[in-house]
Amino acid sequence: MPEEREATLSAMSGPLNAKSNRDPAAVPSTALARRLLRGIDTLSGRLGLAPDIPPHLKTGLRGEEEAFFYLRQHGYVVVARRWRTPKLPGDVDLIAWGGDTLCFIEVKTRARRDIVPAEFAVDARKQRVLRSMASVFRKRLPEETRRQTLVRFDVVSVYLPDDASLPAEIELFPAAFAHYAR
């Protein structure tokens, strides 16, 4: 059954699929992959090929990248990044298998710690959006897979240091909120 789910989600998610995440030879080491991605970003910026985006969006994208590598190191199999549907506004930052559970993951990134932790930004409105997006995503799965799949909503808080050579502080909150509103 897990192979069937992986094949279905791999077909849905495009080039980033469960099979390549499980094969160590197919994916470079985390440190190497991070260096490659940062190098490509730097080079494209110097060549004028990088889109001109506001600093707060760059911070968010870097946080999602850090969360992606963190989750992979902790055994998650990421099947989609920044997943969108034309039916609803918004996106799901990461969708991943955490064991036999399909996790819809919201990433909140901050440049520094504040009085209010980053994970508190996932308010009731954002939770409703994520539940709706998860429902649309799950409807694309075969009925048998959909019935047998557990769903969970996780939040990852990422705190980026001022010095880019230092590691980010990352906190994972599995099952951060219920599948159904209470």
# chains A, B, ... in the order shown; residues from 1 in each chain; ligands from 1
>>> residues_around(residues="A:Val78", least_positions_apart="2", cutoff="6 Å", atoms="only C-alpha atoms", output="MDAnalysis selection string")
chainID A and resid 80 95:96
>>> closest_atom_pairs(of="stretch 53-96 of chain A", to="stretch 132-152 of chain A", cutoff="9 Å", atoms="only C-alpha atoms", output="CSV")
residue,atom,partner,partner_atom,distance
A:Trp83,CA,A:Met133,CA,8.8
A:Arg84,CA,A:Met133,CA,7.9
A:Thr85,CA,A:Met133,CA,7.6
A:Lys87,CA,A:Val136,CA,8.4
A:Leu88,CA,A:Met133,CA,7.1
A:Pro89,CA,A:Met133,CA,8.8
A:Gly90,CA,A:Met133,CA,8.3
A:Asp91,CA,A:Met133,CA,7.4
A:Val92,CA,A:Met133,CA,7.2
>>> closest_residue(among="A:Pro167, A:His179, A:Phe153, A:Cys103", to="A:Val122", atoms="only C-alpha atoms")
A:Phe153
>>> atom_distance(atom1="atom CA of A:Tyr76", atom2="atom CA of A:Ala176")
16.3 Å
>>> decode(residues="stretch 53-125 of chain A", atoms="C-alpha atoms", output="PDB file, in the first residue's frame")
ATOM      1  CA  ILE A  53      11.159  40.193  -4.561  1.00  0.00           C
ATOM      2  CA  PRO A  54      10.756  42.061  -1.272  1.00  0.00           C
ATOM      3  CA  PRO A  55      13.068  41.071   1.603  1.00  0.00           C
ATOM      4  CA  HIS A  56      10.256  39.602   3.723  1.00  0.00           C
ATOM      5  CA  LEU A  57       9.349  37.192   0.898  1.00  0.00           C
ATOM      6  CA  LYS A  58      13.001  36.206   0.500  1.00  0.00           C
ATOM      7  CA  THR A  59      13.060  35.450   4.235  1.00  0.00           C
ATOM      8  CA  GLY A  60       9.966  33.267   3.860  1.00  0.00           C
ATOM      9  CA  LEU A  61      11.424  31.354   0.921  1.00  0.00           C
ATOM     10  CA  ARG A  62      14.664  30.738   2.785  1.00  0.00           C
ATOM     11  CA  GLY A  63      12.667  29.513   5.785  1.00  0.00           C
ATOM     12  CA  GLU A  64      10.727  27.076   3.598  1.00  0.00           C
ATOM     13  CA  GLU A  65      13.996  25.782   2.192  1.00  0.00           C
ATOM     14  CA  GLU A  66      15.400  25.278   5.707  1.00  0.00           C
ATOM     15  CA  ALA A  67      12.194  23.518   6.782  1.00  0.00           C
ATOM     16  CA  PHE A  68      12.335  21.260   3.709  1.00  0.00           C
ATOM     17  CA  PHE A  69      15.840  20.024   4.578  1.00  0.00           C
ATOM     18  CA  TYR A  70      14.973  19.713   8.276  1.00  0.00           C
ATOM     19  CA  LEU A  71      11.937  17.552   7.551  1.00  0.00           C
ATOM     20  CA  ARG A  72      13.894  15.339   5.150  1.00  0.00           C
ATOM     21  CA  GLN A  73      16.541  14.808   7.843  1.00  0.00           C
ATOM     22  CA  HIS A  74      13.762  13.730  10.200  1.00  0.00           C
ATOM     23  CA  GLY A  75      12.343  11.093   7.877  1.00  0.00           C
ATOM     24  CA  TYR A  76       9.588  12.995   6.100  1.00  0.00           C
ATOM     25  CA  VAL A  77       9.127  12.306   2.385  1.00  0.00           C
ATOM     26  CA  VAL A  78       8.207  15.616   0.770  1.00  0.00           C
ATOM     27  CA  VAL A  79       5.879  15.238  -2.215  1.00  0.00           C
ATOM     28  CA  ALA A  80       4.946  18.880  -2.891  1.00  0.00           C
ATOM     29  CA  ARG A  81       6.266  22.356  -2.205  1.00  0.00           C
ATOM     30  CA  ARG A  82       4.125  25.506  -2.387  1.00  0.00           C
ATOM     31  CA  TRP A  83       1.179  23.466  -3.676  1.00  0.00           C
ATOM     32  CA  ARG A  84      -1.647  25.524  -5.137  1.00  0.00           C
ATOM     33  CA  THR A  85      -5.010  24.927  -6.716  1.00  0.00           C
ATOM     34  CA  PRO A  86      -6.955  27.339  -8.946  1.00  0.00           C
ATOM     35  CA  LYS A  87     -10.058  26.570  -6.871  1.00  0.00           C
ATOM     36  CA  LEU A  88      -8.792  28.317  -3.725  1.00  0.00           C
ATOM     37  CA  PRO A  89      -6.552  31.227  -2.775  1.00  0.00           C
ATOM     38  CA  GLY A  90      -3.285  30.522  -0.995  1.00  0.00           C
ATOM     39  CA  ASP A  91      -0.929  27.577  -0.950  1.00  0.00           C
ATOM     40  CA  VAL A  92       0.357  24.776   1.234  1.00  0.00           C
ATOM     41  CA  ASP A  93       4.049  25.301   1.959  1.00  0.00           C
ATOM     42  CA  LEU A  94       4.948  21.599   2.136  1.00  0.00           C
ATOM     43  CA  ILE A  95       3.072  18.330   1.773  1.00  0.00           C
ATOM     44  CA  ALA A  96       4.907  15.275   3.037  1.00  0.00           C
ATOM     45  CA  TRP A  97       4.531  11.740   4.267  1.00  0.00           C
ATOM     46  CA  GLY A  98       5.424  11.435   7.931  1.00  0.00           C
ATOM     47  CA  GLY A  99       5.354   7.640   8.147  1.00  0.00           C
ATOM     48  CA  ASP A 100       1.879   6.563   7.006  1.00  0.00           C
ATOM     49  CA  THR A 101       0.404  10.017   7.653  1.00  0.00           C
ATOM     50  CA  LEU A 102      -0.017  12.666   4.979  1.00  0.00           C
ATOM     51  CA  CYS A 103       1.132  15.949   6.543  1.00  0.00           C
ATOM     52  CA  PHE A 104       0.114  19.395   5.361  1.00  0.00           C
ATOM     53  CA  ILE A 105       2.806  21.692   6.691  1.00  0.00           C
ATOM     54  CA  GLU A 106       2.736  25.446   7.194  1.00  0.00           C
ATOM     55  CA  VAL A 107       6.128  27.109   7.613  1.00  0.00           C
ATOM     56  CA  LYS A 108       6.466  30.363   9.541  1.00  0.00           C
ATOM     57  CA  THR A 109       9.805  32.144   9.293  1.00  0.00           C
ATOM     58  CA  ARG A 110      11.153  35.010  11.352  1.00  0.00           C
ATOM     59  CA  ALA A 111      14.422  36.881  11.132  1.00  0.00           C
ATOM     60  CA  ARG A 112      14.571  36.925  14.934  1.00  0.00           C
ATOM     61  CA  ARG A 113      12.690  35.670  17.966  1.00  0.00           C
ATOM     62  CA  ASP A 114       9.990  37.950  19.263  1.00  0.00           C
ATOM     63  CA  ILE A 115       7.570  37.986  22.174  1.00  0.00           C
ATOM     64  CA  VAL A 116       5.021  36.128  20.037  1.00  0.00           C
ATOM     65  CA  PRO A 117       6.410  32.858  18.611  1.00  0.00           C
ATOM     66  CA  ALA A 118       6.217  32.357  14.837  1.00  0.00           C
ATOM     67  CA  GLU A 119       3.820  29.409  15.083  1.00  0.00           C
ATOM     68  CA  PHE A 120       1.144  31.689  16.561  1.00  0.00           C
ATOM     69  CA  ALA A 121       0.753  33.270  13.107  1.00  0.00           C
ATOM     70  CA  VAL A 122      -1.192  30.179  12.005  1.00  0.00           C
ATOM     71  CA  ASP A 123      -4.507  31.621  13.113  1.00  0.00           C
ATOM     72  CA  ALA A 124      -8.059  30.304  12.644  1.00  0.00           C
ATOM     73  CA  ARG A 125      -8.332  31.806   9.140  1.00  0.00           C
TER      74      ARG A 125
END
